[in-house]
$ cat input.cif   # mmCIF, C-alpha atoms
data_start
#
loop_
_atom_site.group_PDB
_atom_site.id
_atom_site.type_symbol
_atom_site.label_atom_id
_atom_site.label_comp_id
_atom_site.auth_asym_id
_atom_site.auth_seq_id
_atom_site.Cartn_x
_atom_site.Cartn_y
_atom_site.Cartn_z
ATOM 1 C CA VAL A 13 7.151 -28.594 -52.081
ATOM 2 C CA ASP A 14 3.691 -29.949 -52.846
ATOM 3 C CA VAL A 15 2.408 -26.404 -53.457
ATOM 4 C CA TRP A 16 5.234 -25.853 -55.966
ATOM 5 C CA PHE A 17 4.180 -29.054 -57.752
ATOM 6 C CA LEU A 18 0.576 -27.842 -57.713
ATOM 7 C CA ALA A 19 1.528 -24.448 -59.158
ATOM 8 C CA ILE A 20 3.743 -25.850 -61.903
ATOM 9 C CA GLY A 21 1.307 -28.663 -62.731
ATOM 10 C CA PHE A 22 -1.644 -26.290 -62.848
ATOM 11 C CA GLY A 23 0.267 -23.957 -65.182
ATOM 12 C CA PHE A 24 0.920 -26.825 -67.566
ATOM 13 C CA GLN A 25 -2.699 -27.973 -67.290
ATOM 14 C CA LEU A 26 -3.855 -24.487 -68.318
ATOM 15 C CA PHE A 27 -1.392 -24.449 -71.183
ATOM 16 C CA PHE A 28 -2.352 -27.898 -72.495
ATOM 17 C CA ASP A 29 -6.079 -27.148 -72.167
ATOM 18 C CA PHE A 30 -6.034 -23.732 -73.836
ATOM 19 C CA ALA A 31 -3.394 -24.525 -76.436
ATOM 20 C CA GLY A 32 -5.202 -27.787 -77.222
ATOM 21 C CA TYR A 33 -8.555 -26.052 -77.627
ATOM 22 C CA SER A 34 -6.912 -23.380 -79.764
ATOM 23 C CA HIS A 35 -5.357 -25.995 -82.036
ATOM 24 C CA ILE A 36 -8.711 -27.749 -82.410
ATOM 25 C CA VAL A 37 -10.297 -24.470 -83.497
ATOM 26 C CA ILE A 38 -7.362 -23.610 -85.792
ATOM 27 C CA GLY A 39 -7.523 -27.073 -87.385
ATOM 28 C CA THR A 40 -11.301 -26.970 -87.795
ATOM 29 C CA ALA A 41 -11.140 -23.511 -89.357
ATOM 30 C CA HIS A 42 -8.400 -24.744 -91.681
ATOM 31 C CA LEU A 43 -10.780 -27.462 -92.949
ATOM 32 C CA PHE A 44 -13.065 -24.640 -94.123
ATOM 33 C CA GLY A 45 -10.238 -22.671 -95.708
ATOM 34 C CA ILE A 46 -9.994 -20.147 -92.867
ATOM 35 C CA ARG A 47 -6.552 -19.311 -91.532
ATOM 36 C CA LEU A 48 -6.400 -18.410 -87.840
ATOM 37 C CA ALA A 49 -3.340 -17.197 -85.979
ATOM 38 C CA GLU A 50 -1.663 -19.241 -83.263
ATOM 39 C CA ASN A 51 -2.714 -18.359 -79.735
ATOM 40 C CA PHE A 52 0.243 -19.898 -77.888
ATOM 41 C CA ASP A 53 3.880 -19.908 -78.979
ATOM 42 C CA ARG A 54 6.005 -21.913 -76.526
ATOM 43 C CA PRO A 55 5.386 -19.548 -73.600
ATOM 44 C CA TYR A 56 7.273 -21.690 -71.092
ATOM 45 C CA PHE A 57 10.480 -21.167 -73.065
ATOM 46 C CA SER A 58 10.288 -17.420 -72.346
ATOM 47 C CA ALA A 59 13.217 -15.847 -70.552
ATOM 48 C CA THR A 60 11.265 -12.809 -69.312
ATOM 49 C CA PRO A 61 7.699 -12.112 -68.177
ATOM 50 C CA SER A 62 7.133 -9.697 -71.078
ATOM 51 C CA VAL A 63 8.122 -12.367 -73.608
ATOM 52 C CA PHE A 64 5.882 -14.832 -71.760
ATOM 53 C CA TRP A 65 2.912 -12.503 -72.227
ATOM 54 C CA THR A 66 3.616 -12.107 -75.943
ATOM 55 C CA ARG A 67 3.479 -15.905 -76.279
ATOM 56 C CA TRP A 68 0.649 -16.869 -73.883
ATOM 57 C CA HIS A 69 -2.995 -16.427 -74.933
ATOM 58 C CA MET A 70 -1.780 -14.055 -77.620
ATOM 59 C CA SER A 71 -5.230 -12.954 -78.815
ATOM 60 C CA LEU A 72 -6.157 -11.682 -75.348
ATOM 61 C CA SER A 73 -2.651 -10.386 -74.573
ATOM 62 C CA PHE A 74 -2.547 -8.356 -77.787
ATOM 63 C CA TRP A 75 -6.098 -7.089 -77.259
ATOM 64 C CA ILE A 76 -5.181 -5.839 -73.773
ATOM 65 C CA ARG A 77 -1.998 -4.289 -75.195
ATOM 66 C CA ASP A 78 -3.698 -2.596 -78.170
ATOM 67 C CA TYR A 79 -6.961 -1.456 -76.594
ATOM 68 C CA VAL A 80 -6.048 -0.856 -72.951
ATOM 69 C CA PHE A 81 -2.315 -0.392 -72.423
ATOM 70 C CA LEU A 82 -1.328 1.634 -75.506
ATOM 71 C CA PRO A 83 -4.216 4.153 -75.381
ATOM 72 C CA LEU A 84 -3.678 4.745 -71.660
ATOM 73 C CA ALA A 85 0.127 4.781 -71.859
ATOM 74 C CA THR A 86 0.119 7.450 -74.570
ATOM 75 C CA MET A 87 -2.008 9.805 -72.461
ATOM 76 C CA ARG A 88 1.073 10.915 -70.498
ATOM 77 C CA ARG A 89 4.800 10.773 -71.106
ATOM 78 C CA ASP A 90 5.790 10.177 -67.488
ATOM 79 C CA LEU A 91 7.627 6.934 -66.788
ATOM 80 C CA TRP A 92 5.700 6.384 -63.554
ATOM 81 C CA TRP A 93 2.428 6.611 -65.524
ATOM 82 C CA ARG A 94 3.555 3.862 -67.888
ATOM 83 C CA LYS A 95 4.287 1.597 -64.912
ATOM 84 C CA VAL A 96 0.878 2.308 -63.406
ATOM 85 C CA VAL A 97 -0.773 1.535 -66.756
ATOM 86 C CA ILE A 98 1.085 -1.797 -67.027
ATOM 87 C CA VAL A 99 -0.259 -2.838 -63.612
ATOM 88 C CA LEU A 100 -3.724 -1.494 -64.468
ATOM 89 C CA ALA A 101 -3.821 -3.371 -67.799
ATOM 90 C CA MET A 102 -2.778 -6.643 -66.167
ATOM 91 C CA THR A 103 -5.306 -6.079 -63.376
ATOM 92 C CA LEU A 104 -7.948 -5.843 -66.101
ATOM 93 C CA PHE A 105 -6.527 -9.089 -67.505
ATOM 94 C CA GLY A 106 -7.193 -10.715 -64.130
ATOM 95 C CA LEU A 107 -10.648 -9.160 -63.892
ATOM 96 C CA TRP A 108 -11.466 -10.510 -67.359
ATOM 97 C CA HIS A 109 -10.890 -14.021 -66.014
ATOM 98 C CA GLY A 110 -13.268 -13.401 -63.109
ATOM 99 C CA ALA A 111 -14.234 -10.778 -60.555
ATOM 100 C CA THR A 112 -12.690 -12.619 -57.614
ATOM 101 C CA GLY A 113 -10.022 -11.485 -55.191
ATOM 102 C CA PRO A 114 -7.431 -14.071 -56.261
ATOM 103 C CA LEU A 115 -7.849 -13.351 -59.998
ATOM 104 C CA ILE A 116 -7.633 -9.589 -59.543
ATOM 105 C CA LEU A 117 -4.584 -10.064 -57.308
ATOM 106 C CA TRP A 118 -3.128 -12.381 -59.984
ATOM 107 C CA GLY A 119 -3.479 -9.549 -62.512
ATOM 108 C CA VAL A 120 -1.827 -7.064 -60.149
ATOM 109 C CA TYR A 121 0.971 -9.589 -59.531
ATOM 110 C CA GLN A 122 1.548 -10.043 -63.268
ATOM 111 C CA GLY A 123 1.675 -6.259 -63.731
ATOM 112 C CA ILE A 124 4.210 -5.954 -60.912
ATOM 113 C CA LEU A 125 6.286 -8.709 -62.548
ATOM 114 C CA LEU A 126 6.355 -6.771 -65.815
ATOM 115 C CA VAL A 127 7.325 -3.525 -64.078
ATOM 116 C CA GLY A 128 9.919 -5.370 -61.980
ATOM 117 C CA GLN A 129 11.440 -6.903 -65.084
ATOM 118 C CA ARG A 130 11.907 -3.462 -66.633
ATOM 119 C CA GLN A 131 13.399 -2.125 -63.404
ATOM 120 C CA ALA A 132 15.818 -5.072 -63.206
ATOM 121 C CA GLU A 133 16.886 -4.553 -66.834
ATOM 122 C CA GLN A 134 17.567 -0.861 -66.182
ATOM 123 C CA LEU A 135 19.573 -1.690 -63.064
ATOM 124 C CA ARG A 136 21.600 -4.318 -64.918
ATOM 125 C CA ARG A 137 22.420 -1.818 -67.688
ATOM 126 C CA ARG A 138 23.312 0.872 -65.162
ATOM 127 C CA LEU A 139 25.614 -1.471 -63.237
ATOM 128 C CA ARG A 140 27.007 -2.822 -66.516
ATOM 129 C CA ILE A 141 26.539 -6.420 -65.435
ATOM 130 C CA ALA A 142 27.482 -8.732 -68.285
ATOM 131 C CA TRP A 143 27.266 -12.506 -68.058
ATOM 132 C CA PRO A 144 27.784 -15.060 -70.771
ATOM 133 C CA ALA A 145 24.613 -15.057 -72.897
ATOM 134 C CA SER A 146 23.781 -18.704 -72.259
ATOM 135 C CA LEU A 147 24.141 -18.306 -68.472
ATOM 136 C CA GLU A 148 22.086 -15.113 -68.477
ATOM 137 C CA THR A 149 19.334 -16.796 -70.520
ATOM 138 C CA ALA A 150 19.275 -19.856 -68.243
ATOM 139 C CA ILE A 151 19.077 -17.763 -65.064
ATOM 140 C CA SER A 152 16.459 -15.447 -66.561
ATOM 141 C CA TRP A 153 14.386 -18.408 -67.755
ATOM 142 C CA GLY A 154 14.535 -20.065 -64.316
ATOM 143 C CA ILE A 155 13.460 -16.899 -62.530
ATOM 144 C CA THR A 156 10.681 -16.250 -65.052
ATOM 145 C CA PHE A 157 9.409 -19.833 -64.869
ATOM 146 C CA GLY A 158 9.403 -19.729 -61.065
ATOM 147 C CA LEU A 159 7.642 -16.365 -60.832
ATOM 148 C CA ILE A 160 5.022 -17.229 -63.458
ATOM 149 C CA SER A 161 4.410 -20.565 -61.703
ATOM 150 C CA LEU A 162 4.064 -18.761 -58.374
ATOM 151 C CA GLY A 163 1.356 -16.612 -59.945
ATOM 152 C CA TRP A 164 -0.677 -19.670 -60.919
ATOM 153 C CA ILE A 165 -1.380 -20.168 -57.208
ATOM 154 C CA LEU A 166 -3.453 -16.985 -57.262
ATOM 155 C CA PHE A 167 -5.133 -18.061 -60.490
ATOM 156 C CA ARG A 168 -6.013 -21.481 -59.041
ATOM 157 C CA ALA A 169 -7.084 -20.491 -55.524
ATOM 158 C CA HIS A 170 -10.788 -20.442 -54.691
ATOM 159 C CA ASP A 171 -10.433 -17.439 -52.394
ATOM 160 C CA LEU A 172 -7.786 -15.135 -50.949
ATOM 161 C CA ASN A 173 -7.475 -17.168 -47.756
ATOM 162 C CA GLN A 174 -6.597 -20.326 -49.690
ATOM 163 C CA ALA A 175 -4.141 -18.362 -51.849
ATOM 164 C CA PHE A 176 -2.380 -16.915 -48.801
ATOM 165 C CA ILE A 177 -2.161 -20.327 -47.122
ATOM 166 C CA MET A 178 -0.510 -21.792 -50.239
ATOM 167 C CA LEU A 179 1.819 -18.807 -50.696
ATOM 168 C CA ARG A 180 2.794 -18.948 -47.028
ATOM 169 C CA ALA A 181 3.679 -22.642 -47.460
ATOM 170 C CA ILE A 182 5.983 -21.789 -50.368
ATOM 171 C CA LEU A 183 7.567 -18.743 -48.788
ATOM 172 C CA SER A 184 8.235 -20.216 -45.343
ATOM 173 C CA PRO A 185 11.633 -21.947 -45.109
ATOM 174 C CA GLN A 186 10.552 -24.145 -42.182
ATOM 175 C CA SER A 187 8.084 -25.963 -44.456
ATOM 176 C CA TYR A 188 11.041 -27.304 -46.461
ATOM 177 C CA TRP A 189 12.888 -28.500 -43.363
ATOM 178 C CA ARG A 190 10.004 -30.818 -42.476
ATOM 179 C CA LEU A 191 10.981 -32.968 -45.444
ATOM 180 C CA VAL A 192 14.310 -33.960 -43.882
#
$ encode --input "input.cif" --output "structure tokens"
Amino acid sequence: VDVWFLAIGFGFQLFFDFAGYSHIVIGTAHLFGIRLAENFDRPYFSATPSVFWTRWHMSLSFWIRDYVFLPLATMRRDLWWRKVVIVLAMTLFGLWHGATGPLILWGVYQGILLVGQRQAEQLRRRLRIAWPASLETAISWGITFGLISLGWILFRAHDLNQAFIMLRAILSPQSYWRLV
């Protein structure tokens, strides 16, 4: 449970730090008559990982999309290629933050989340699963929030060993029974 609190708290710390710094820069630029775009747009209200990444660190997200993903994705028409490029682009996103095992793995994880989201949407359409919109949004938001928060463990960890210890603590049911 404490690792979940760490992951969620660290995600909010990142958000408040980066969004705060962005707003300071936007406000300062505004004083000089320069209009800058927002860099964060309520990312934690996102109901899917792809929406999250269009709202979180938008300048970097859009740069990765425009200059890495789109040029590579248009090289081939194969669906499998597009999935590989999504994971590759997000791996580069992780590498941009630092050439460490946990950050590269964080990028791979985020790419897998984006591919998994698309796969889940296709499956849901194929099976014709229809839930009330508000229930579907709430469930989707909860899953997205949990999976994004889980990823912050990789972003926060000093090395792969520490990341795996924290992930093991979250993913092992017996660690929750110790609380009783």
$ resolve_selection --input "input.cif" --expression "the PyMOL selection byres ((chain A and resi 157) around 9)" --output "ChimeraX atom specification"
/A:20,56-61,152-156,158-162
$ residues_near_point --input "input.cif" --point "(2.4, -27.8, -61.5)" --cutoff "12 Å" --atoms "only C-alpha atoms" --output "VMD selection string"
chain A and resid 13 to 28 157 to 158 160 to 165 168
$ resolve_selection --input "input.cif" --expression "the PyMOL selection byres ((chain A and resi 100) around 12)" --output "PDB file with C-alpha atoms, keeping the file's coordinate frame"
ATOM      1  CA  ILE A  76      -5.181  -5.839 -73.773  1.00  0.00           C
ATOM      2  CA  ARG A  77      -1.998  -4.289 -75.195  1.00  0.00           C
ATOM      3  CA  VAL A  80      -6.048  -0.856 -72.951  1.00  0.00           C
ATOM      4  CA  PHE A  81      -2.315  -0.392 -72.423  1.00  0.00           C
ATOM      5  CA  LEU A  82      -1.328   1.634 -75.506  1.00  0.00           C
ATOM      6  CA  LEU A  84      -3.678   4.745 -71.660  1.00  0.00           C
ATOM      7  CA  ALA A  85       0.127   4.781 -71.859  1.00  0.00           C
ATOM      8  CA  TRP A  93       2.428   6.611 -65.524  1.00  0.00           C
ATOM      9  CA  ARG A  94       3.555   3.862 -67.888  1.00  0.00           C
ATOM     10  CA  LYS A  95       4.287   1.597 -64.912  1.00  0.00           C
ATOM     11  CA  VAL A  96       0.878   2.308 -63.406  1.00  0.00           C
ATOM     12  CA  VAL A  97      -0.773   1.535 -66.756  1.00  0.00           C
ATOM     13  CA  ILE A  98       1.085  -1.797 -67.027  1.00  0.00           C
ATOM     14  CA  VAL A  99      -0.259  -2.838 -63.612  1.00  0.00           C
ATOM     15  CA  ALA A 101      -3.821  -3.371 -67.799  1.00  0.00           C
ATOM     16  CA  MET A 102      -2.778  -6.643 -66.167  1.00  0.00           C
ATOM     17  CA  THR A 103      -5.306  -6.079 -63.376  1.00  0.00           C
ATOM     18  CA  LEU A 104      -7.948  -5.843 -66.101  1.00  0.00           C
ATOM     19  CA  PHE A 105      -6.527  -9.089 -67.505  1.00  0.00           C
ATOM     20  CA  GLY A 106      -7.193 -10.715 -64.130  1.00  0.00           C
ATOM     21  CA  LEU A 107     -10.648  -9.160 -63.892  1.00  0.00           C
ATOM     22  CA  ILE A 116      -7.633  -9.589 -59.543  1.00  0.00           C
ATOM     23  CA  LEU A 117      -4.584 -10.064 -57.308  1.00  0.00           C
ATOM     24  CA  TRP A 118      -3.128 -12.381 -59.984  1.00  0.00           C
ATOM     25  CA  GLY A 119      -3.479  -9.549 -62.512  1.00  0.00           C
ATOM     26  CA  VAL A 120      -1.827  -7.064 -60.149  1.00  0.00           C
ATOM     27  CA  TYR A 121       0.971  -9.589 -59.531  1.00  0.00           C
ATOM     28  CA  GLN A 122       1.548 -10.043 -63.268  1.00  0.00           C
ATOM     29  CA  GLY A 123       1.675  -6.259 -63.731  1.00  0.00           C
ATOM     30  CA  ILE A 124       4.210  -5.954 -60.912  1.00  0.00           C
ATOM     31  CA  LEU A 126       6.355  -6.771 -65.815  1.00  0.00           C
ATOM     32  CA  VAL A 127       7.325  -3.525 -64.078  1.00  0.00           C
TER      33      VAL A 127
END
$ residues_around --input "input.cif" --residues "Gly39 of chain A" --least-positions-apart "5" --cutoff "9 Å" --atoms "only C-alpha atoms" --output "PDB file with C-alpha atoms, keeping the file's coordinate frame"
ATOM      1  CA  SER A  34      -6.912 -23.380 -79.764  1.00  0.00           C
ATOM      2  CA  ARG A  47      -6.552 -19.311 -91.532  1.00  0.00           C
ATOM      3  CA  LEU A  48      -6.400 -18.410 -87.840  1.00  0.00           C
TER       4      LEU A  48
END
$ atom_distance --input "input.cif" --atom1 "atom CA of Leu72 of chain A" --atom2 "atom CA of Ile38 of chain A"
15.9 Å
$ closest_residue --input "input.cif" --among "A:Ser146, A:Gln186, A:Gln129, A:Thr112" --to "Leu172 of chain A" --atoms "all atoms listed in the file"
A:Thr112
$ atom_distance --input "input.cif" --atom1 "atom CA of Ala41 of chain A" --atom2 "atom CA of Trp68 of chain A"
20.6 Å
$ residues_around --input "input.cif" --residues "Ser71 of chain A" --least-positions-apart "2" --cutoff "12 Å" --atoms "only C-alpha atoms" --output "NGL selection string"
:A and (30-31 or 34 or 48-53 or 65-69 or 73-79)
$ closest_residue --input "input.cif" --among "A:Ile182, A:Leu139, A:Leu115, A:Ala132" --to "Leu166 of chain A" --atoms "only C-alpha atoms"
A:Leu115
$ atom_distance --input "input.cif" --atom1 "atom CA of Tyr33 of chain A" --atom2 "atom CA of Pro114 of chain A"
24.5 Å
$ decode --input "input.cif" --residues "segment 16-45 of chain A" --atoms "N, CA, C and O atoms" --output "tab-separated table (two decimals), in the first residue's frame"
chain	number	residue	atom	x	y	z
A	16	TRP	N	1.99	2.14	-3.43
A	16	TRP	CA	0.92	2.81	-4.18
A	16	TRP	C	0.87	4.29	-3.82
A	16	TRP	O	0.76	5.16	-4.69
A	17	PHE	N	0.95	4.59	-2.52
A	17	PHE	CA	0.96	6.00	-2.08
A	17	PHE	C	2.17	6.73	-2.65
A	17	PHE	O	2.05	7.88	-3.07
A	18	LEU	N	3.32	6.07	-2.68
A	18	LEU	CA	4.51	6.68	-3.25
A	18	LEU	C	4.30	6.98	-4.73
A	18	LEU	O	4.60	8.08	-5.19
A	19	ALA	N	3.77	6.02	-5.47
A	19	ALA	CA	3.58	6.19	-6.91
A	19	ALA	C	2.59	7.32	-7.21
A	19	ALA	O	2.86	8.19	-8.04
A	20	ILE	N	1.48	7.31	-6.53
A	20	ILE	CA	0.46	8.35	-6.76
A	20	ILE	C	0.99	9.71	-6.31
A	20	ILE	O	0.87	10.71	-7.04
A	21	GLY	N	1.60	9.76	-5.14
A	21	GLY	CA	2.15	11.02	-4.63
A	21	GLY	C	3.24	11.57	-5.52
A	21	GLY	O	3.30	12.78	-5.80
A	22	PHE	N	4.11	10.68	-6.02
A	22	PHE	CA	5.18	11.14	-6.90
A	22	PHE	C	4.61	11.68	-8.22
A	22	PHE	O	5.10	12.67	-8.74
A	23	GLY	N	3.57	11.02	-8.73
A	23	GLY	CA	2.93	11.52	-9.96
A	23	GLY	C	2.38	12.92	-9.77
A	23	GLY	O	2.54	13.79	-10.63
A	24	PHE	N	1.74	13.15	-8.64
A	24	PHE	CA	1.22	14.50	-8.37
A	24	PHE	C	2.35	15.50	-8.13
A	24	PHE	O	2.25	16.66	-8.53
A	25	GLN	N	3.43	15.05	-7.49
A	25	GLN	CA	4.57	15.95	-7.31
A	25	GLN	C	5.12	16.39	-8.66
A	25	GLN	O	5.40	17.57	-8.88
A	26	LEU	N	5.30	15.44	-9.58
A	26	LEU	CA	5.77	15.78	-10.93
A	26	LEU	C	4.82	16.77	-11.59
A	26	LEU	O	5.26	17.77	-12.18
A	27	PHE	N	3.53	16.48	-11.49
A	27	PHE	CA	2.55	17.37	-12.12
A	27	PHE	C	2.63	18.77	-11.54
A	27	PHE	O	2.71	19.76	-12.28
A	28	PHE	N	2.61	18.89	-10.21
A	28	PHE	CA	2.62	20.22	-9.59
A	28	PHE	C	3.93	20.96	-9.88
A	28	PHE	O	3.91	22.16	-10.13
A	29	ASP	N	5.05	20.23	-9.89
A	29	ASP	CA	6.32	20.88	-10.22
A	29	ASP	C	6.33	21.39	-11.66
A	29	ASP	O	6.56	22.57	-11.91
A	30	PHE	N	6.09	20.50	-12.61
A	30	PHE	CA	6.18	20.88	-14.02
A	30	PHE	C	5.08	21.85	-14.43
A	30	PHE	O	5.34	22.81	-15.16
A	31	ALA	N	3.86	21.61	-14.00
A	31	ALA	CA	2.78	22.52	-14.35
A	31	ALA	C	3.02	23.89	-13.70
A	31	ALA	O	2.77	24.93	-14.30
A	32	GLY	N	3.53	23.88	-12.46
A	32	GLY	CA	3.83	25.14	-11.78
A	32	GLY	C	4.92	25.91	-12.50
A	32	GLY	O	4.78	27.13	-12.73
A	33	TYR	N	6.00	25.23	-12.87
A	33	TYR	CA	7.07	25.89	-13.61
A	33	TYR	C	6.56	26.42	-14.94
A	33	TYR	O	6.91	27.53	-15.35
A	34	SER	N	5.74	25.63	-15.61
A	34	SER	CA	5.18	26.06	-16.89
A	34	SER	C	4.34	27.31	-16.72
A	34	SER	O	4.42	28.24	-17.53
A	35	HIS	N	3.53	27.35	-15.68
A	35	HIS	CA	2.69	28.53	-15.46
A	35	HIS	C	3.51	29.77	-15.10
A	35	HIS	O	3.16	30.89	-15.48
A	36	ILE	N	4.62	29.57	-14.40
A	36	ILE	CA	5.51	30.70	-14.12
A	36	ILE	C	6.07	31.26	-15.42
A	36	ILE	O	6.09	32.47	-15.65
A	37	VAL	N	6.51	30.37	-16.30
A	37	VAL	CA	7.07	30.81	-17.59
A	37	VAL	C	5.97	31.46	-18.44
A	37	VAL	O	6.20	32.51	-19.05
A	38	ILE	N	4.79	30.85	-18.49
A	38	ILE	CA	3.69	31.41	-19.27
A	38	ILE	C	3.32	32.80	-18.75
A	38	ILE	O	3.13	33.74	-19.52
A	39	GLY	N	3.25	32.95	-17.42
A	39	GLY	CA	2.91	34.24	-16.83
A	39	GLY	C	3.98	35.29	-17.08
A	39	GLY	O	3.68	36.45	-17.39
A	40	THR	N	5.25	34.88	-16.94
A	40	THR	CA	6.35	35.81	-17.19
A	40	THR	C	6.37	36.26	-18.65
A	40	THR	O	6.53	37.45	-18.94
A	41	ALA	N	6.18	35.32	-19.55
A	41	ALA	CA	6.14	35.67	-20.98
A	41	ALA	C	4.97	36.61	-21.26
A	41	ALA	O	5.11	37.56	-22.05
A	42	HIS	N	3.86	36.37	-20.61
A	42	HIS	CA	2.68	37.22	-20.79
A	42	HIS	C	2.97	38.67	-20.39
A	42	HIS	O	2.46	39.61	-21.01
A	43	LEU	N	3.79	38.86	-19.35
A	43	LEU	CA	4.19	40.21	-18.93
A	43	LEU	C	4.90	40.97	-20.05
A	43	LEU	O	4.85	42.19	-20.12
A	44	PHE	N	5.58	40.22	-20.93
A	44	PHE	CA	6.31	40.82	-22.04
A	44	PHE	C	5.53	40.75	-23.36
A	44	PHE	O	6.08	40.96	-24.43
A	45	GLY	N	4.25	40.44	-23.25
A	45	GLY	CA	3.40	40.40	-24.43
A	45	GLY	C	3.56	39.16	-25.28
A	45	GLY	O	3.14	39.13	-26.44
